[in-house]
file model.cif (mmCIF, C-alpha atoms)
data_upload
#
loop_
_atom_site.label_atom_id
_atom_site.label_comp_id
_atom_site.auth_asym_id
_atom_site.auth_seq_id
_atom_site.Cartn_x
_atom_site.Cartn_y
_atom_site.Cartn_z
CA MET A 234 -0.88 -42.65 -22.58
CA SER A 235 2.15 -43.67 -24.66
CA VAL A 236 5.76 -43.97 -23.62
CA ILE A 237 8.23 -43.53 -26.47
CA TRP A 238 11.65 -44.98 -25.68
CA LEU A 239 14.72 -43.37 -27.19
CA ASN A 240 18.25 -44.65 -27.64
CA THR A 241 21.49 -42.73 -27.04
CA SER A 242 21.17 -41.07 -30.46
CA GLY A 243 17.72 -39.75 -29.64
CA MET A 244 16.06 -42.11 -32.12
CA GLN A 245 12.87 -43.99 -31.25
CA SER A 246 13.55 -47.57 -30.29
CA SER A 247 10.11 -48.77 -29.13
CA THR A 248 6.71 -47.60 -27.90
CA ALA A 249 4.53 -48.84 -25.03
CA SER A 250 0.92 -47.83 -24.27
CA TYR A 251 -0.71 -47.67 -20.83
CA GLN A 252 -4.29 -47.10 -19.76
CA ALA A 253 -5.45 -44.64 -17.13
CA ASP A 254 -6.52 -47.39 -14.76
CA VAL A 255 -2.89 -48.50 -14.49
CA TRP A 256 -2.17 -45.78 -11.96
CA GLY A 257 -5.66 -45.58 -10.49
CA GLY A 258 -6.15 -41.86 -10.97
CA THR A 259 -7.55 -39.39 -13.46
CA PRO A 260 -5.40 -37.66 -16.07
CA THR A 261 -6.01 -34.25 -14.49
CA ALA A 262 -5.90 -35.04 -10.79
CA ASP A 263 -2.85 -36.97 -9.72
CA SER A 264 0.73 -37.70 -10.44
CA PHE A 265 1.34 -41.35 -11.11
CA ALA A 266 4.11 -43.94 -10.95
CA PHE A 267 4.40 -47.49 -12.16
CA THR A 268 7.01 -50.14 -12.94
CA VAL A 269 7.86 -50.88 -16.55
CA THR A 270 10.42 -52.95 -18.35
CA ILE A 271 12.98 -50.62 -19.85
CA PRO A 272 14.39 -51.69 -23.23
CA GLU A 273 18.11 -52.33 -23.16
CA THR A 274 18.74 -49.75 -25.89
CA ALA A 275 16.70 -47.00 -24.21
CA THR A 276 18.37 -44.17 -22.33
CA GLN A 277 15.56 -41.62 -22.48
CA ALA A 278 11.82 -41.56 -22.81
CA HIS A 279 9.15 -39.25 -24.15
CA LEU A 280 5.64 -39.17 -22.72
CA ARG A 281 2.47 -38.50 -24.72
CA PHE A 282 -0.92 -38.00 -23.07
CA THR A 283 -3.86 -39.24 -25.09
CA HIS A 284 -6.32 -36.83 -23.44
CA VAL A 285 -4.36 -33.80 -24.70
CA ASN A 286 -4.82 -32.64 -28.25
CA ASP A 287 -1.18 -32.74 -29.30
CA THR A 288 -0.73 -31.90 -32.97
CA ARG A 289 3.03 -31.58 -32.87
CA ASP A 290 5.53 -34.16 -33.98
CA ASP A 291 7.58 -33.90 -30.82
CA PRO A 292 6.11 -35.23 -27.54
CA LEU A 293 4.92 -33.05 -24.70
CA VAL A 294 7.39 -34.25 -22.07
CA GLU A 295 11.00 -34.47 -23.10
CA ASN A 296 14.38 -35.52 -21.73
CA ILE A 297 13.18 -37.83 -18.96
CA ALA A 298 16.20 -39.71 -17.68
CA VAL A 299 15.66 -43.44 -17.55
CA ARG A 300 16.38 -45.26 -14.30
CA SER A 301 16.37 -49.02 -13.96
CA GLY A 302 13.38 -50.53 -12.19
CA ASP A 303 10.74 -47.99 -11.23
CA PHE A 304 10.13 -45.39 -13.89
CA LEU A 305 8.37 -42.32 -12.49
CA PHE A 306 6.19 -40.21 -14.74
CA VAL A 307 4.92 -36.92 -13.29
CA GLN A 308 2.09 -35.38 -15.19
CA SER A 309 2.62 -31.80 -16.35
CA LEU A 310 0.07 -29.39 -14.89
CA ARG A 311 0.56 -26.99 -17.77
CA HIS A 312 -0.41 -29.62 -20.30
CA SER A 313 -3.17 -31.25 -18.25
CA PHE A 314 -5.07 -28.02 -17.74
CA ASN A 315 -4.43 -26.49 -21.17
CA LEU A 316 -2.40 -23.62 -19.73
CA THR A 317 0.24 -23.21 -22.44
CA HIS A 318 0.46 -23.13 -26.17
CA GLU A 319 2.22 -26.51 -26.02
CA ALA A 320 -1.12 -28.17 -25.24
CA VAL A 321 -3.58 -25.79 -26.88
CA SER A 322 -3.47 -22.19 -27.94
CA PHE A 323 -3.94 -19.64 -25.21
CA SER A 324 -7.29 -18.66 -26.70
CA GLN A 325 -8.60 -22.17 -26.01
CA THR A 326 -7.76 -22.05 -22.31
CA SER A 327 -11.13 -21.72 -20.60
CA ASP A 328 -12.23 -20.53 -17.19
CA GLY A 329 -13.01 -24.16 -16.48
CA ASP A 330 -9.37 -25.09 -17.04
CA ILE A 331 -8.29 -22.44 -14.57
CA GLY A 332 -10.92 -23.54 -12.07
CA GLU A 333 -9.86 -27.18 -12.34
CA LEU A 334 -6.24 -26.17 -11.72
CA PHE A 335 -7.25 -24.20 -8.61
CA ASP A 336 -9.33 -27.12 -7.35
CA TYR A 337 -6.42 -29.46 -7.98
CA LEU A 338 -4.06 -27.31 -5.91
CA TRP A 339 -6.65 -26.60 -3.22
CA GLN A 340 -7.20 -30.28 -2.37
CA ARG A 341 -3.57 -31.41 -2.22
CA ASP A 342 -3.22 -31.45 1.56
CA LEU A 343 -0.79 -34.38 1.74
CA ASP A 344 1.81 -33.45 -0.87
CA VAL A 345 4.55 -31.23 0.56
CA ALA A 346 5.42 -28.31 -1.70
CA ASP A 347 8.03 -26.62 0.53
CA VAL A 348 10.43 -29.03 2.18
CA PHE A 349 11.88 -26.30 4.39
CA LEU A 350 8.61 -25.02 5.84
CA GLY A 351 6.70 -28.28 5.46
CA ALA A 352 3.84 -26.47 3.70
CA THR A 353 1.62 -28.49 1.42
CA TYR A 354 0.38 -27.40 -1.99
CA ALA A 355 -3.03 -26.66 -0.48
CA GLU A 356 -1.55 -24.44 2.25
CA GLN A 357 0.48 -22.47 -0.28
CA ALA A 358 -2.48 -22.18 -2.64
CA ARG A 359 -4.63 -20.75 0.14
CA GLN A 360 -2.05 -18.00 0.64
CA LEU A 361 -2.56 -16.91 -2.97
CA LEU A 362 -6.22 -17.78 -3.63
CA HIS A 363 -9.46 -16.97 -1.85
CA ARG A 364 -12.52 -19.18 -2.23
CA ASP A 365 -15.88 -18.28 -0.78
CA ALA A 366 -18.34 -20.65 0.87
CA ALA A 367 -19.85 -21.53 -2.49
CA GLY A 368 -16.49 -22.67 -3.82
CA VAL A 369 -16.08 -19.65 -6.10
CA TYR A 370 -12.59 -18.15 -6.40
CA ASP A 371 -13.05 -14.41 -6.00
CA ALA A 372 -9.48 -13.17 -5.33
CA ALA A 373 -5.95 -14.11 -6.28
CA VAL A 374 -2.39 -12.87 -5.92
CA VAL A 375 -0.52 -12.72 -9.23
CA ARG A 376 3.24 -12.57 -8.83
CA ILE A 377 5.53 -11.47 -11.65
CA PHE A 378 9.23 -12.04 -11.03
CA VAL A 379 11.35 -9.48 -12.87
CA GLY A 380 15.14 -9.47 -12.93
CA PRO A 381 17.77 -7.24 -14.51
CA THR A 382 18.74 -7.77 -18.14
CA ARG A 383 21.34 -6.30 -20.45
CA ASN A 384 18.83 -3.81 -21.77
CA ASN A 385 17.27 -3.02 -18.41
CA GLU A 386 19.33 -2.89 -15.23
CA LEU A 387 16.25 -2.15 -13.12
CA ASP A 388 17.60 1.19 -11.98
CA ASN A 389 15.21 4.05 -11.28
CA GLU A 390 14.45 4.50 -14.97
CA GLY A 391 13.93 0.77 -15.48
CA LEU A 392 11.61 0.50 -12.49
CA GLU A 393 9.64 3.52 -13.73
CA GLN A 394 9.23 1.81 -17.09
CA LEU A 395 8.14 -1.40 -15.37
CA LEU A 396 5.47 0.43 -13.38
CA VAL A 397 4.20 2.26 -16.47
CA GLN A 398 3.96 -0.98 -18.45
CA LEU A 399 2.05 -2.69 -15.66
CA HIS A 400 -0.47 0.16 -15.60
CA GLU A 401 -0.80 -0.05 -19.38
CA ASP A 402 -1.71 -3.73 -19.10
CA VAL A 403 -4.78 -2.85 -17.05
CA PRO A 404 -7.78 -1.71 -19.15
CA GLU A 405 -8.91 1.86 -18.69
CA ASP A 406 -12.21 0.72 -17.18
CA GLY A 407 -10.43 -1.94 -15.10
CA PHE A 408 -11.60 -5.50 -14.78
CA PRO A 409 -15.33 -5.91 -14.10
CA GLY A 410 -15.96 -7.00 -10.54
CA ALA A 411 -12.30 -6.83 -9.55
CA GLU A 412 -9.83 -4.35 -8.14
CA VAL A 413 -6.19 -4.34 -9.22
CA SER A 414 -3.32 -3.17 -7.04
CA PHE A 415 0.39 -3.43 -7.80
CA THR A 416 2.81 -4.49 -5.09
CA GLY A 417 6.09 -6.32 -4.65
CA GLY A 418 9.64 -5.31 -3.92
CA HIS A 419 10.27 -3.44 -7.19
CA ILE A 420 6.97 -1.55 -7.04
CA LEU A 421 7.45 -0.58 -3.40
CA THR A 422 11.01 0.53 -4.14
CA ILE A 423 10.16 2.87 -7.00
CA THR A 424 7.07 4.19 -5.17
CA THR A 425 9.17 4.96 -2.10
CA VAL A 426 11.93 6.59 -4.15
CA ASN A 427 9.45 8.75 -6.05
CA ALA A 428 7.81 9.87 -2.82
CA ILE A 429 11.18 10.72 -1.27
CA GLN A 430 12.41 12.51 -4.40
CA ASN A 431 9.25 14.59 -4.59
CA THR A 432 9.69 15.77 -1.02
CA GLN A 433 13.49 15.77 -0.83
CA LEU A 434 14.03 19.39 -1.87
CA ALA A 435 11.29 20.68 0.40
CA SER A 436 12.46 18.63 3.38
CA THR A 437 16.08 19.72 2.84
CA LEU A 438 15.11 23.40 2.71
CA VAL A 439 13.01 23.00 5.86
CA ALA A 440 15.96 21.33 7.64
CA LEU A 441 18.33 24.12 6.59
CA PHE A 442 15.86 26.79 7.66
CA LEU A 443 15.33 25.23 11.08
CA ALA A 444 19.08 24.77 11.55
CA ALA A 445 19.69 28.40 10.58
CA VAL A 446 17.02 29.66 13.01
CA LEU A 447 18.50 27.53 15.79
CA LEU A 448 22.06 28.72 15.17
CA VAL A 449 21.04 32.38 14.86
CA GLY A 450 19.21 32.03 18.15
CA ILE A 451 22.21 30.45 19.85
CA TYR A 452 24.81 32.89 18.48
CA ARG A 453 22.38 35.82 18.53
CA HIS A 454 24.06 36.90 15.34
CA VAL A 455 22.60 36.46 11.85
CA GLY A 456 25.99 36.39 10.13
CA LEU A 457 27.42 33.59 12.29
CA GLY A 458 24.26 31.54 11.86
CA LEU A 459 24.40 31.84 8.07
CA LEU A 460 28.13 31.02 8.02
CA ASN A 461 27.31 27.58 9.39
CA ILE A 462 24.66 27.01 6.71
CA LEU A 463 26.60 28.10 3.61
CA PRO A 464 29.10 25.16 3.74
CA VAL A 465 26.19 22.73 3.93
CA ILE A 466 24.57 24.20 0.84
CA LEU A 467 27.87 24.08 -1.04
CA ALA A 468 28.52 20.46 0.03
CA ALA A 469 25.02 19.44 -1.09
CA ILE A 470 25.61 20.96 -4.53
CA TRP A 471 28.96 19.19 -4.84
CA ILE A 472 27.59 15.81 -3.84
CA MET A 473 24.63 16.01 -6.24
CA GLY A 474 27.07 16.93 -9.02
CA THR A 475 29.24 13.95 -8.08
CA MET A 476 26.25 11.61 -8.28
CA ALA A 477 25.38 12.97 -11.72
CA ALA A 478 29.00 12.59 -12.91
CA LEU A 479 29.23 8.99 -11.67
CA GLY A 480 25.80 8.04 -12.96
CA ILE A 481 24.50 7.20 -9.47
CA THR A 482 20.76 7.63 -9.20
CA LEU A 483 18.71 8.30 -6.11
CA ASN A 484 17.34 5.18 -4.43
CA VAL A 485 16.17 4.17 -0.99
CA MET A 486 19.77 4.35 0.29
CA THR A 487 21.46 7.19 -1.62
CA VAL A 488 18.45 9.43 -1.11
CA MET A 489 19.68 9.93 2.47
CA VAL A 490 22.69 11.87 1.17
CA THR A 491 21.15 15.29 1.79
CA ALA A 492 20.35 14.39 5.40
CA LEU A 493 23.94 13.22 5.90
CA THR A 494 25.26 16.39 4.27
CA VAL A 495 23.21 18.61 6.58
CA GLY A 496 24.22 16.68 9.69
CA LEU A 497 27.93 16.37 8.94
CA GLY A 498 28.35 19.74 7.25
CA ILE A 499 26.86 21.74 10.10
CA ASP A 500 28.81 19.70 12.67
CA TYR A 501 32.19 20.49 11.08
CA ALA A 502 31.24 24.11 10.40
CA ILE A 503 30.23 24.71 14.03
CA HIS A 504 33.65 23.51 15.23
CA ILE A 505 35.45 25.95 12.93
CA VAL A 506 33.19 28.94 13.67
CA GLU A 507 33.24 28.37 17.42
CA ARG A 508 37.04 28.04 17.51
CA TYR A 509 37.39 31.22 15.45
CA ARG A 510 35.15 33.10 17.90
CA GLU A 511 37.39 32.05 20.79
CA GLU A 512 40.60 32.90 18.96
CA SER A 513 39.33 36.28 17.75
CA GLN A 514 38.85 37.43 21.36
CA HIS A 515 42.62 37.26 21.97
CA ARG A 516 44.18 37.67 18.49
CA GLY A 517 43.74 39.54 15.29
CA GLU A 518 41.74 38.22 12.38
CA GLN A 519 44.62 36.62 10.48
CA ALA A 520 46.15 34.98 13.55
CA ALA A 521 42.74 33.75 14.69
CA LEU A 522 42.08 32.13 11.31
CA GLU A 523 45.52 30.53 11.20
CA ASN A 524 45.20 29.04 14.69
CA THR A 525 41.70 27.80 13.87
CA ILE A 526 42.93 26.00 10.75
CA HIS A 527 46.02 24.54 12.43
CA GLN A 528 44.31 23.36 15.62
CA THR A 529 40.65 22.60 14.98
CA GLY A 530 41.24 21.98 11.27
CA ALA A 531 43.78 19.25 12.02
CA ALA A 532 41.40 17.56 14.44
CA LEU A 533 38.55 17.69 11.92
CA LEU A 534 40.82 16.23 9.23
CA ILE A 535 41.74 13.26 11.40
CA SER A 536 38.12 12.75 12.43
CA GLY A 537 36.94 12.96 8.82
CA LEU A 538 39.56 10.51 7.54
CA THR A 539 38.62 7.89 10.13
CA THR A 540 34.93 8.29 9.29
CA VAL A 541 35.65 8.02 5.56
CA ALA A 542 37.65 4.84 6.19
CA GLY A 543 34.69 3.35 8.04
CA PHE A 544 32.22 4.02 5.23
CA ALA A 545 34.77 3.05 2.56
CA VAL A 546 34.41 -0.56 3.73
CA LEU A 547 31.04 -0.55 1.96
CA LEU A 548 32.92 -0.37 -1.36
CA LEU A 549 33.76 -4.06 -0.87
CA SER A 550 30.09 -5.02 -0.88
CA PRO A 551 28.92 -7.10 -3.88
CA MET A 552 25.61 -5.19 -3.87
CA PRO A 553 25.66 -2.10 -6.15
CA LEU A 554 23.20 -0.19 -3.92
CA VAL A 555 25.45 -0.60 -0.89
CA ARG A 556 28.59 0.28 -2.89
CA ASN A 557 27.00 3.45 -4.23
CA PHE A 558 25.89 4.39 -0.74
CA GLY A 559 29.45 3.96 0.50
CA ILE A 560 30.82 6.10 -2.33
CA ILE A 561 28.33 8.91 -1.77
CA THR A 562 28.71 8.87 2.01
CA ALA A 563 32.51 8.95 1.84
CA ALA A 564 32.39 11.78 -0.71
CA THR A 565 29.98 13.71 1.53
CA ILE A 566 32.37 13.50 4.46
CA VAL A 567 35.36 14.51 2.31
CA TYR A 568 33.50 17.51 0.90
CA SER A 569 32.30 18.58 4.34
CA VAL A 570 35.82 18.44 5.81
CA VAL A 571 37.42 20.23 2.85
CA ILE A 572 34.81 22.98 2.90
CA ALA A 573 35.09 23.39 6.68
CA ILE A 574 38.91 23.64 6.63
CA LEU A 575 39.57 25.50 3.37
CA VAL A 576 36.37 27.24 2.28
CA LEU A 577 34.76 28.26 5.56
CA PRO A 578 37.74 30.40 6.72
CA SER A 579 37.50 32.27 3.43
CA LEU A 580 33.79 32.76 4.02
CA ILE A 581 34.57 34.12 7.49
CA TRP A 582 37.10 36.56 6.00
CA ALA A 583 34.59 37.62 3.32
CA GLY A 584 31.92 38.01 5.99
CA ASN A 585 34.20 40.31 7.99
CA ARG A 586 34.83 42.44 4.92
CA LEU A 587 31.11 42.62 4.23
CA SER A 588 30.42 43.57 7.83
CA GLU A 589 33.04 46.35 7.63
CA TRP A 590 31.54 47.66 4.40
CA VAL A 591 28.06 47.72 5.93
CA SER A 592 29.39 49.60 8.96
CA GLN A 593 31.10 52.14 6.74
CA GLN A 594 27.94 52.68 4.75
CA ARG A 595 25.92 53.22 7.90
CA SER A 596 28.49 55.62 9.43
CA GLY A 597 29.09 57.45 6.15
#

call {"tool": "encode", "arguments": {"input": "model.cif", "output": "structure tokens"}}
result
Amino acid sequence: MSVIWLNTSGMQSSTASYQADVWGGTPTADSFAFTVTIPETATQAHLRFTHVNDTRDDPLVENIAVRSGDFLFVQSLRHSFNLTHEAVSFSQTSDGDIGELFDYLWQRDLDVADVFLGATYAEQARQLLHRDAAGVYDAAVVRIFVGPTRNNELDNEGLEQLLVQLHEDVPEDGFPGAEVSFTGGHILTITTVNAIQNTQLASTLVALFLAAVLLVGIYRHVGLGLLNILPVILAAIWIMGTMAALGITLNVMTVMVTALTVGLGIDYAIHIVERYREESQHRGEQAALENTIHQTGAALLISGLTTVAGFAVLLLSPMPLVRNFGIITAATIVYSVVIAILVLPSLIWAGNRLSEWVSQQRSG
């Protein structure tokens, strides 16, 4: 091994050679440390391993800060086991190199890898590798860390592209003797979203149908039951249009918007319809509608505004998913209140006219 000392200008000032027996280990097994005399003009050092076929002009290890006294050199695993193009080309990395790296990690029971958990390299390696009784590694966890970029924000479309590319990397006939499964936060997210999206329409229709059957059974009147459902359908259409206009895609949080719309929309609609039924027993149609809007409508407006204010706090979140959820939830409440106060009375009036027309047709 050679240590190349550099001055402040990055120019070579001197070179010192050391043998493997200086640190008492093997070039591919241990880190090593030893005391050397640092030249006065040296501020940095480069390290060159003689057992690595290095054909480049620049050394393998760069920018090692020099400290007076003990100079610590830590051997690079990537270079020692021929794992990068800096040591050899990828095509020259053999199964033996990979096996030696696994063996190296497997036997390091004393060196702590995680200072917080106190786990050694061997303990962490055994969470990712499986070795049978014969010492053969037959399973491994391969983790790929993917973050957002300027060209890919990892939204639904980006995650879909990621999943497609991962599947394309696996040969059509798979890997002989091995099974491949994709997992991780991104994969689980897009898989969950796709499953929810595929069933969202069906589940929403089932929820509306069950709510309609329940309300018709309670009111014993088909028209009143449907009047409570129509505002929900309208609010759902409005909120999906809002998401499209704002560029908000469905994810594990915003996908709950239809459930919120059904729950809130029916709740507000029931208050209006029930108050109108009570008022219509003592007043005419117009007076009943006016009292319903003035009394129950005012209460719903206050209730809706306080609920919107509560969810609007989510807009202060630094996480885009949470912010979008706050926007969609607040918009859902606003639409439900507006439809209940302004649109539903009109639907009641239109329903009365339709009922009168049907009666006339039957009597005529």

call {"tool": "atom_distance", "arguments": {"input": "model.cif", "atom1": "CA of Gly530 (chain A)", "atom2": "CA of Pro578 (chain A)"}}
result
10.2 Å

call {"tool": "atom_distance", "arguments": {"input": "model.cif", "atom1": "CA of Gln433 (chain A)", "atom2": "CA of Thr539 (chain A)"}}
result
28.5 Å

call {"tool": "residues_around", "arguments": {"input": "model.cif", "residues": "Glu412 (chain A)", "least_positions_apart": "4", "cutoff": "12 Å", "atoms": "all atoms listed in the file", "output": "PyMOL selection string"}}
result
chain A and resi 371-374+403-404+406-408

call {"tool": "atom_distance", "arguments": {"input": "model.cif", "atom1": "CA of Arg376 (chain A)", "atom2": "CA of Gly417 (chain A)"}}
result
8.0 Å

call {"tool": "resolve_selection", "arguments": {"input": "model.cif", "expression": "the PyMOL selection byres ((chain A and resi 473) around 12)", "output": "list of chain:residue names"}}
result
A:Leu434, A:Ile466, A:Leu467, A:Ala468, A:Ala469, A:Ile470, A:Trp471, A:Ile472, A:Gly474, A:Thr475, A:Met476, A:Ala477, A:Ala478, A:Leu479, A:Gly480, A:Ile481, A:Thr482, A:Leu483, A:Thr487, A:Val488, A:Met489, A:Val490, A:Thr491, A:Thr494, A:Ile561, A:Thr562, A:Ala564, A:Thr565, A:Tyr568

call {"tool": "resolve_selection", "arguments": {"input": "model.cif", "expression": "the PyMOL selection byres ((chain A and resi 377) around 12)", "output": "number ranges by chain"}}
result
A: 374-376, 378-380, 395, 399, 415-420

call {"tool": "residues_around", "arguments": {"input": "model.cif", "residues": "Trp339 (chain A)", "least_positions_apart": "2", "cutoff": "12 Å", "atoms": "all atoms listed in the file", "output": "PDB file with C-alpha atoms, keeping the file's coordinate frame"}}
result
ATOM      1  CA  ALA A 262      -5.900 -35.040 -10.790  1.00  0.00           C
ATOM      2  CA  GLY A 332     -10.920 -23.540 -12.070  1.00  0.00           C
ATOM      3  CA  GLU A 333      -9.860 -27.180 -12.340  1.00  0.00           C
ATOM      4  CA  LEU A 334      -6.240 -26.170 -11.720  1.00  0.00           C
ATOM      5  CA  PHE A 335      -7.250 -24.200  -8.610  1.00  0.00           C
ATOM      6  CA  ASP A 336      -9.330 -27.120  -7.350  1.00  0.00           C
ATOM      7  CA  TYR A 337      -6.420 -29.460  -7.980  1.00  0.00           C
ATOM      8  CA  ARG A 341      -3.570 -31.410  -2.220  1.00  0.00           C
ATOM      9  CA  ASP A 342      -3.220 -31.450   1.560  1.00  0.00           C
ATOM     10  CA  LEU A 343      -0.790 -34.380   1.740  1.00  0.00           C
ATOM     11  CA  ASP A 344       1.810 -33.450  -0.870  1.00  0.00           C
ATOM     12  CA  THR A 353       1.620 -28.490   1.420  1.00  0.00           C
ATOM     13  CA  TYR A 354       0.380 -27.400  -1.990  1.00  0.00           C
ATOM     14  CA  ALA A 355      -3.030 -26.660  -0.480  1.00  0.00           C
ATOM     15  CA  GLU A 356      -1.550 -24.440   2.250  1.00  0.00           C
ATOM     16  CA  GLN A 357       0.480 -22.470  -0.280  1.00  0.00           C
ATOM     17  CA  ALA A 358      -2.480 -22.180  -2.640  1.00  0.00           C
ATOM     18  CA  ARG A 359      -4.630 -20.750   0.140  1.00  0.00           C
ATOM     19  CA  GLN A 360      -2.050 -18.000   0.640  1.00  0.00           C
ATOM     20  CA  LEU A 361      -2.560 -16.910  -2.970  1.00  0.00           C
ATOM     21  CA  LEU A 362      -6.220 -17.780  -3.630  1.00  0.00           C
ATOM     22  CA  HIS A 363      -9.460 -16.970  -1.850  1.00  0.00           C
ATOM     23  CA  ARG A 364     -12.520 -19.180  -2.230  1.00  0.00           C
ATOM     24  CA  GLY A 368     -16.490 -22.670  -3.820  1.00  0.00           C
ATOM     25  CA  TYR A 370     -12.590 -18.150  -6.400  1.00  0.00           C
TER      26      TYR A 370
END

call {"tool": "build_atoms", "arguments": {"input": "model.cif", "residues": "region 503-523 of chain A", "atoms": "N, CA and C atoms", "output": "compact mmCIF listing (two decimals), in the coordinates of the input"}}
result
# COMPACT_ATOMS: atom_id res chain seq x y z
N ILE A 503 30.36 24.15 12.67
CA ILE A 503 30.23 24.71 14.03
C ILE A 503 31.56 24.67 14.76
N HIS A 504 32.34 23.60 14.58
CA HIS A 504 33.65 23.51 15.23
C HIS A 504 34.57 24.65 14.77
N ILE A 505 34.57 24.91 13.47
CA ILE A 505 35.45 25.95 12.93
C ILE A 505 34.99 27.33 13.41
N VAL A 506 33.70 27.61 13.29
CA VAL A 506 33.19 28.94 13.67
C VAL A 506 33.38 29.18 15.16
N GLU A 507 33.12 28.19 15.97
CA GLU A 507 33.24 28.37 17.42
C GLU A 507 34.70 28.58 17.82
N ARG A 508 35.61 27.85 17.19
CA ARG A 508 37.04 28.04 17.51
C ARG A 508 37.50 29.43 17.07
N TYR A 509 37.02 29.88 15.92
CA TYR A 509 37.39 31.22 15.45
C TYR A 509 36.89 32.29 16.42
N ARG A 510 35.69 32.12 16.95
CA ARG A 510 35.15 33.10 17.90
C ARG A 510 36.05 33.19 19.13
N GLU A 511 36.51 32.04 19.63
CA GLU A 511 37.39 32.05 20.79
C GLU A 511 38.74 32.70 20.48
N GLU A 512 39.29 32.35 19.32
CA GLU A 512 40.60 32.90 18.96
C GLU A 512 40.53 34.40 18.69
N SER A 513 39.44 34.86 18.10
CA SER A 513 39.33 36.28 17.75
C SER A 513 39.23 37.19 18.97
N GLN A 514 38.92 36.63 20.14
CA GLN A 514 38.85 37.43 21.36
C GLN A 514 40.23 37.80 21.89
N HIS A 515 41.26 37.04 21.45
CA HIS A 515 42.62 37.26 21.97
C HIS A 515 43.61 37.62 20.87
N ARG A 516 43.25 37.43 19.60
CA ARG A 516 44.18 37.67 18.49
C ARG A 516 43.47 38.44 17.39
N GLY A 517 44.29 38.89 16.45
CA GLY A 517 43.74 39.54 15.29
C GLY A 517 43.09 38.54 14.35
N GLU A 518 42.48 39.08 13.30
CA GLU A 518 41.74 38.22 12.38
C GLU A 518 42.63 37.16 11.74
N GLN A 519 43.75 37.56 11.18
CA GLN A 519 44.62 36.62 10.48
C GLN A 519 45.16 35.55 11.43
N ALA A 520 45.62 35.94 12.59
CA ALA A 520 46.15 34.98 13.55
C ALA A 520 45.06 34.04 14.04
N ALA A 521 43.86 34.57 14.24
CA ALA A 521 42.74 33.75 14.69
C ALA A 521 42.39 32.68 13.65
N LEU A 522 42.38 33.08 12.38
CA LEU A 522 42.08 32.13 11.31
C LEU A 522 43.17 31.07 11.20
N GLU A 523 44.43 31.50 11.30
CA GLU A 523 45.52 30.53 11.20
C GLU A 523 45.48 29.50 12.33
